[in-house]
file input_20.cif (mmCIF, C-alpha atoms)
data_my_file
#
loop_
_atom_site.label_atom_id
_atom_site.label_comp_id
_atom_site.auth_asym_id
_atom_site.auth_seq_id
_atom_site.Cartn_x
_atom_site.Cartn_y
_atom_site.Cartn_z
CA MET A 1 -29.80 21.57 -32.40
CA GLU A 2 -30.32 24.83 -34.23
CA ARG A 3 -29.57 28.16 -32.64
CA PHE A 4 -32.51 30.34 -31.78
CA ASP A 5 -32.71 34.08 -32.16
CA GLY A 6 -35.31 36.69 -33.00
CA ARG A 7 -35.20 35.82 -36.71
CA SER A 8 -36.41 32.29 -35.92
CA ARG A 9 -39.97 33.53 -35.57
CA VAL A 10 -40.85 32.48 -39.09
CA VAL A 11 -43.82 30.12 -38.96
CA VAL A 12 -43.09 26.85 -40.65
CA GLY A 13 -46.43 25.62 -39.21
CA ALA A 14 -48.23 23.34 -41.61
CA LYS A 15 -45.02 22.13 -43.22
CA ASN A 16 -43.74 20.92 -39.85
CA VAL A 17 -46.93 19.70 -38.21
CA PHE A 18 -48.08 17.75 -41.25
CA SER A 19 -44.71 16.43 -42.36
CA ARG A 20 -44.58 12.79 -43.43
CA ARG A 21 -43.06 11.75 -40.11
CA SER A 22 -45.46 13.76 -37.97
CA ALA A 23 -47.71 11.93 -35.52
CA ILE A 24 -50.63 14.02 -36.76
CA THR A 25 -49.99 12.95 -40.34
CA TRP A 26 -49.84 9.28 -39.40
CA ILE A 27 -53.02 9.34 -37.34
CA LEU A 28 -54.92 11.32 -39.98
CA GLY A 29 -53.58 9.04 -42.70
CA ILE A 30 -54.63 5.83 -40.97
CA ASN A 31 -58.16 7.15 -40.38
CA VAL A 32 -58.53 8.28 -43.98
CA ALA A 33 -57.06 5.06 -45.37
CA VAL A 34 -59.46 2.89 -43.36
CA PHE A 35 -62.39 5.06 -44.49
CA VAL A 36 -61.39 4.78 -48.16
CA VAL A 37 -60.94 1.00 -47.96
CA LEU A 38 -64.32 0.53 -46.29
CA ARG A 39 -66.00 2.72 -48.90
CA LEU A 40 -64.40 0.76 -51.72
CA VAL A 41 -65.51 -2.51 -50.13
CA GLY A 42 -69.02 -1.11 -49.79
CA ALA A 43 -69.10 -0.06 -53.44
CA ALA A 44 -67.75 -3.41 -54.61
CA GLY A 45 -70.30 -5.25 -52.49
CA LEU A 46 -73.14 -3.14 -53.83
CA LEU A 47 -72.13 -3.76 -57.43
CA SER A 48 -71.70 -7.50 -56.92
CA GLY A 49 -74.80 -8.02 -54.82
CA HIS A 50 -72.86 -8.65 -51.59
CA GLU A 51 -73.86 -5.71 -49.44
CA GLU A 52 -72.87 -7.73 -46.37
CA TRP A 53 -69.16 -7.38 -47.19
CA VAL A 54 -68.78 -3.91 -45.73
CA GLY A 55 -70.72 -4.89 -42.62
CA ALA A 56 -68.37 -7.80 -42.07
CA CYS A 57 -65.35 -5.53 -42.46
CA VAL A 58 -66.70 -2.95 -40.04
CA ASN A 59 -67.56 -5.65 -37.52
CA SER A 60 -64.05 -7.09 -37.75
CA LEU A 61 -62.54 -3.69 -36.88
CA GLY A 62 -65.18 -2.25 -34.56
CA LEU A 63 -65.26 -2.80 -30.81
CA PRO A 64 -67.77 -5.56 -29.92
CA GLU A 65 -70.46 -4.85 -27.36
CA THR A 66 -69.59 -7.86 -25.18
CA PHE A 67 -66.49 -9.09 -23.39
CA SER A 68 -66.87 -12.46 -25.07
CA GLY A 69 -66.83 -10.74 -28.45
CA LEU A 70 -63.71 -8.82 -27.45
CA ALA A 71 -61.99 -12.05 -26.42
CA SER A 72 -62.40 -13.40 -29.95
CA CYS A 73 -61.04 -10.23 -31.60
CA PRO A 74 -58.88 -8.35 -29.05
CA TRP A 75 -57.29 -6.10 -31.71
CA THR A 76 -60.54 -4.17 -31.96
CA VAL A 77 -59.75 -2.28 -28.74
CA LEU A 78 -57.15 -0.48 -30.89
CA SER A 79 -58.59 -0.67 -34.40
CA TYR A 80 -62.03 0.76 -33.55
CA MET A 81 -60.57 4.23 -32.90
CA PHE A 82 -59.45 4.50 -36.55
CA VAL A 83 -62.75 3.42 -38.16
CA GLN A 84 -65.31 5.79 -39.66
CA TYR A 85 -67.76 4.92 -42.42
CA GLU A 86 -69.94 8.04 -42.62
CA PRO A 87 -68.19 10.98 -44.36
CA MET A 88 -69.43 13.62 -41.91
CA HIS A 89 -68.30 11.51 -38.98
CA LEU A 90 -64.81 11.32 -40.49
CA ILE A 91 -64.65 15.02 -41.40
CA PHE A 92 -65.85 16.20 -38.01
CA ASN A 93 -63.39 14.03 -36.09
CA LEU A 94 -60.36 14.76 -38.24
CA LEU A 95 -60.88 18.51 -38.46
CA TRP A 96 -60.98 18.80 -34.67
CA PHE A 97 -58.05 16.42 -34.32
CA ALA A 98 -55.93 18.36 -36.82
CA LEU A 99 -56.63 21.66 -35.05
CA PHE A 100 -56.21 20.63 -31.42
CA GLY A 101 -53.63 17.97 -32.26
CA SER A 102 -51.34 20.65 -33.69
CA PHE A 103 -51.57 22.54 -30.39
CA LEU A 104 -50.91 19.46 -28.31
CA GLN A 105 -48.06 18.25 -30.48
CA GLY A 106 -46.41 21.64 -30.09
CA SER A 107 -46.53 21.47 -26.29
CA ALA A 108 -46.29 17.72 -25.59
CA GLY A 109 -44.39 16.46 -28.63
CA GLU A 110 -45.30 13.72 -31.06
CA ARG A 111 -45.07 10.94 -28.47
CA GLY A 112 -47.27 12.91 -26.10
CA LEU A 113 -49.89 13.47 -28.79
CA THR A 114 -49.88 9.79 -29.76
CA ALA A 115 -50.14 8.71 -26.12
CA VAL A 116 -53.11 11.01 -25.50
CA TYR A 117 -54.91 9.83 -28.65
CA LEU A 118 -54.45 6.15 -27.84
CA GLY A 119 -55.14 6.67 -24.14
CA GLY A 120 -58.40 8.43 -24.96
CA GLY A 121 -59.42 5.58 -27.24
CA PHE A 122 -58.61 2.95 -24.61
CA CYS A 123 -60.45 4.84 -21.87
CA GLY A 124 -63.40 5.29 -24.20
CA ALA A 125 -63.49 1.53 -24.77
CA ALA A 126 -63.32 0.91 -21.01
CA LEU A 127 -66.26 3.26 -20.30
CA PHE A 128 -68.20 1.71 -23.17
CA PHE A 129 -67.88 -1.73 -21.60
CA LEU A 130 -68.54 -0.49 -18.07
CA TYR A 131 -71.71 1.19 -19.27
CA GLY A 132 -72.77 -2.04 -20.92
CA VAL A 133 -72.17 -4.03 -17.73
CA ALA A 134 -74.05 -1.48 -15.63
CA THR A 135 -77.07 -1.20 -17.93
CA GLY A 136 -77.12 -4.61 -19.58
CA PHE A 137 -77.35 -3.14 -23.11
CA ALA A 138 -75.01 -5.82 -24.56
CA GLY A 139 -76.43 -7.47 -27.62
CA ALA A 140 -79.00 -4.77 -28.26
CA ASP A 141 -77.13 -1.66 -29.33
CA GLY A 142 -74.26 -3.03 -31.38
CA GLY A 143 -70.55 -2.30 -31.21
CA LEU A 144 -68.51 0.87 -31.34
CA ILE A 145 -66.48 2.53 -34.09
CA GLY A 146 -65.01 5.98 -34.52
CA ALA A 147 -62.18 8.21 -33.36
CA SER A 148 -64.45 10.43 -31.28
CA ALA A 149 -63.23 9.25 -27.86
CA ALA A 150 -59.58 9.59 -28.90
CA VAL A 151 -60.20 13.00 -30.46
CA MET A 152 -62.08 14.09 -27.34
CA ALA A 153 -59.00 13.27 -25.29
CA VAL A 154 -56.78 15.34 -27.57
CA VAL A 155 -59.19 18.30 -27.46
CA LEU A 156 -59.46 18.28 -23.66
CA ALA A 157 -55.74 17.75 -23.10
CA ALA A 158 -54.85 20.67 -25.38
CA THR A 159 -57.44 22.84 -23.66
CA VAL A 160 -56.20 22.03 -20.17
CA VAL A 161 -52.57 22.65 -21.16
CA GLU A 162 -53.20 25.97 -22.96
CA PRO A 163 -56.70 27.24 -22.08
CA GLU A 164 -55.88 30.83 -23.04
CA ARG A 165 -54.58 30.04 -26.52
CA ARG A 166 -56.59 31.87 -29.18
CA ILE A 167 -57.73 30.51 -32.52
CA ASP A 168 -59.39 32.22 -35.46
CA LEU A 169 -62.88 30.97 -36.23
CA PHE A 170 -64.72 31.79 -39.44
CA LEU A 171 -67.36 34.54 -38.92
CA ILE A 172 -66.53 34.69 -35.21
CA GLY A 173 -62.94 35.87 -34.93
CA ARG A 174 -60.32 35.06 -32.32
CA VAL A 175 -61.61 32.87 -29.49
CA ARG A 176 -59.87 31.21 -26.56
CA ILE A 177 -59.89 27.43 -26.90
CA LYS A 178 -61.30 27.05 -23.40
CA TRP A 179 -64.60 28.28 -24.87
CA VAL A 180 -64.34 26.26 -28.08
CA ALA A 181 -63.83 22.84 -26.47
CA PRO A 182 -67.18 22.72 -24.58
CA VAL A 183 -69.06 23.59 -27.78
CA MET A 184 -67.20 20.90 -29.69
CA ILE A 185 -68.01 18.35 -27.00
CA ALA A 186 -71.71 19.27 -27.04
CA ILE A 187 -71.85 18.96 -30.82
CA SER A 188 -70.08 15.62 -30.66
CA LEU A 189 -72.44 14.21 -28.06
CA VAL A 190 -75.62 15.44 -29.72
CA GLY A 191 -74.84 15.52 -33.41
CA PHE A 192 -73.14 12.25 -34.20
CA THR A 193 -74.35 9.67 -31.70
CA GLY A 194 -78.06 10.00 -32.20
CA GLY A 195 -78.39 9.94 -28.44
CA TYR A 196 -76.76 6.49 -28.28
CA PRO A 197 -75.72 6.18 -24.60
CA GLY A 198 -72.96 3.65 -25.29
CA SER A 199 -71.16 6.09 -27.59
CA ASN A 200 -71.68 8.90 -25.12
CA ALA A 201 -70.08 6.77 -22.42
CA ALA A 202 -67.07 6.23 -24.69
CA HIS A 203 -66.82 9.97 -25.32
CA LEU A 204 -66.91 10.56 -21.57
CA GLY A 205 -64.05 8.13 -21.16
CA GLY A 206 -62.04 10.02 -23.76
CA ALA A 207 -62.80 13.34 -22.07
CA ILE A 208 -61.66 12.02 -18.68
CA ALA A 209 -58.43 10.71 -20.21
CA GLY A 210 -57.79 14.06 -21.87
CA ILE A 211 -58.33 16.04 -18.69
CA VAL A 212 -56.02 13.74 -16.70
CA ALA A 213 -53.35 13.90 -19.42
CA GLY A 214 -53.64 17.68 -19.66
CA LEU A 215 -53.25 18.11 -15.90
CA ARG A 216 -50.23 15.82 -15.95
CA LEU A 217 -48.63 17.80 -18.78
CA ARG A 218 -49.26 21.08 -16.95
CA THR A 219 -47.69 19.68 -13.79
CA LEU A 220 -44.61 18.59 -15.71
CA ALA A 221 -44.35 22.01 -17.36
CA VAL A 222 -44.51 23.80 -14.00
CA SER A 223 -41.87 21.46 -12.60
CA ARG A 224 -39.56 22.16 -15.52
CA ARG A 225 -40.01 25.90 -15.14
CA ARG A 226 -39.11 25.70 -11.46
CA ARG A 227 -36.03 23.62 -12.18
CA SER A 228 -35.05 26.06 -14.91
CA ALA A 229 -35.48 29.06 -12.61
CA GLY A 230 -33.35 27.47 -9.91
CA GLY A 231 -30.87 25.76 -12.20
CA VAL A 232 -27.14 26.12 -12.42
CA ALA A 233 -26.08 29.23 -14.32
CA ASP A 234 -23.44 27.44 -16.38
CA GLY A 235 -25.51 24.62 -17.81
CA VAL A 236 -28.83 22.91 -18.25
CA THR A 237 -30.13 19.54 -17.24
CA GLU A 238 -31.33 16.84 -19.58
CA SER A 239 -34.93 17.73 -18.69
CA ASP A 240 -34.23 21.37 -19.52
CA GLU A 241 -32.97 20.34 -22.95
CA ALA A 242 -36.17 18.40 -23.57
CA TYR A 243 -38.19 21.42 -22.46
CA LEU A 244 -36.20 23.66 -24.79
CA ASP A 245 -36.92 21.27 -27.67
CA ARG A 246 -40.64 21.48 -26.96
CA LEU A 247 -40.56 25.28 -26.84
CA LEU A 248 -38.76 25.39 -30.17
CA ASP A 249 -41.28 22.95 -31.65
CA ARG A 250 -44.08 25.28 -30.62
CA VAL A 251 -42.30 28.23 -32.22
CA ARG A 252 -41.93 26.27 -35.46
CA VAL A 253 -45.58 25.24 -35.42
CA SER A 254 -47.32 28.40 -34.23
CA GLY A 255 -44.75 31.17 -34.21
CA PHE A 256 -42.93 32.99 -31.41
CA GLU A 257 -46.14 34.78 -30.40
CA ALA A 258 -47.63 31.45 -29.26
CA LEU A 259 -45.30 31.46 -26.24
CA SER A 260 -46.29 33.19 -23.04
CA PRO A 261 -43.98 35.95 -21.70
CA SER A 262 -42.51 33.58 -19.11
CA GLU A 263 -41.92 30.90 -21.74
CA ARG A 264 -40.16 33.39 -24.00
CA THR A 265 -37.87 34.34 -21.11
CA GLU A 266 -37.16 30.68 -20.37
CA LEU A 267 -36.45 30.00 -24.04
CA PHE A 268 -33.84 32.74 -24.23
CA ASN A 269 -32.30 31.81 -20.87
CA LEU A 270 -32.01 28.13 -21.77
CA SER A 271 -30.58 28.94 -25.19
CA LYS A 272 -28.08 31.33 -23.63
CA ARG A 273 -26.91 28.76 -21.08
CA LEU A 274 -26.60 26.11 -23.76
CA ARG A 275 -24.47 28.36 -25.94
CA ARG A 276 -22.34 29.24 -22.94
CA ARG A 277 -21.82 25.58 -22.22
CA GLY A 278 -21.03 24.97 -25.90
CA GLY A 279 -23.25 21.90 -26.09
CA ARG A 280 -25.44 22.86 -29.06
CA GLN A 281 -24.89 24.80 -32.26
#
call {"tool": "encode", "arguments": {"input": "input_20.cif", "output": "structure tokens"}}
result
Amino acid sequence: MERFDGRSRVVVGAKNVFSRRSAITWILGINVAVFVVLRLVGAAGLLSGHEEWVGACVNSLGLPETFSGLASCPWTVLSYMFVQYEPMHLIFNLLWFALFGSFLQGSAGERGLTAVYLGGGFCGAALFFLYGVATGFAGADGGLIGASAAVMAVVLAATVVEPERRIDLFLIGRVRIKWVAPVMIAISLVGFTGGYPGSNAAHLGGAIAGIVAGLRLRTLAVSRRRRSAGGVADGVTESDEAYLDRLLDRVRVSGFEALSPSERTELFNLSKRLRRRGGRQ
């Protein structure tokens, strides 16, 4: 591991967050690639007189509206959360994911971000089906596509973990993300579902997953801080090393100023104990 000192405040931000191996890059890339392929299929079908091609492709990737449909194509419980066909739908989802995903990846790591994204998508699918069972809409409203439920989970998780983090918004200025997330959710529910209750149920599932994940991450962070405060002076535990890695990731992504005063103190204390132990250079 690299040594940390005051000169390590340089923001490597976008270069790190959007590196080729980054979870954000992979998730964004898959969404964009699926969109491009579907658009090319649509164009080819239009030119050849087979407009049904794109519909067949979307249906093969989208989440069916019935359990029997899911049984015949179980992969759609995963694939649907990477499928967008309308450009604005794609842009809206990926912009919010890139912004809040960078925050969450800095605090929870790449695995944490991926788990929240997938967990939000799975919970969205579950609420979509539960709504269908409760209301009997199956067969009338069609299936489900889009990353909205997964993105909703990422947005809510990042907000719960760091509600006081500030971001710069065009024409508005610096705003705490705890005020941005509710607006984003309202826009998502009203602007891109057309009032479709099945999609709204999926978004609700993603939001619930994000809140639960965020609370879990906060609990783990508090636990680590307590262990760090009461730790042995001559060394650090394996969990402390993981916590130090996450703090350093946040510094690389957002700069030293992104850490709270207590986190800055913990960062220096952990680094000092590590150097004293001689375990990392």
call {"tool": "atom_distance", "arguments": {"input": "input_20.cif", "atom1": "atom CA of Leu156 of chain A", "atom2": "atom CA of Leu169 of chain A"}}
result
18.2 Å
call {"tool": "resolve_selection", "arguments": {"input": "input_20.cif", "expression": "the PyMOL selection byres ((chain A and resi 80) around 6)", "output": "NGL selection string"}}
result
:A and (61-63 or 76 or 78-79 or 81-83 or 145)
call {"tool": "closest_residue", "arguments": {"input": "input_20.cif", "among": "A:Ala33, A:Ile185, A:Leu220, A:Met152", "to": "Phe100 of chain A", "atoms": "only C-alpha atoms"}}
result
A:Met152
call {"tool": "residues_around", "arguments": {"input": "input_20.cif", "residues": "Val36 of chain A", "least_positions_apart": "6", "cutoff": "12 Å", "atoms": "all atoms listed in the file", "output": "ChimeraX atom specification"}}
result
/A:29-30,42-43,54,82-87,90
call {"tool": "closest_residue", "arguments": {"input": "input_20.cif", "among": "A:Val251, A:Leu104, A:Leu127, A:Ala201", "to": "Val155 of chain A", "atoms": "all atoms listed in the file"}}
result
A:Leu104
call {"tool": "atom_distance", "arguments": {"input": "input_20.cif", "atom1": "atom CA of Ala158 of chain A", "atom2": "atom CA of Phe97 of chain A"}}
result
10.4 Å
call {"tool": "atom_distance", "arguments": {"input": "input_20.cif", "atom1": "atom CA of Met88 of chain A", "atom2": "atom CA of Val116 of chain A"}}
result
23.3 Å
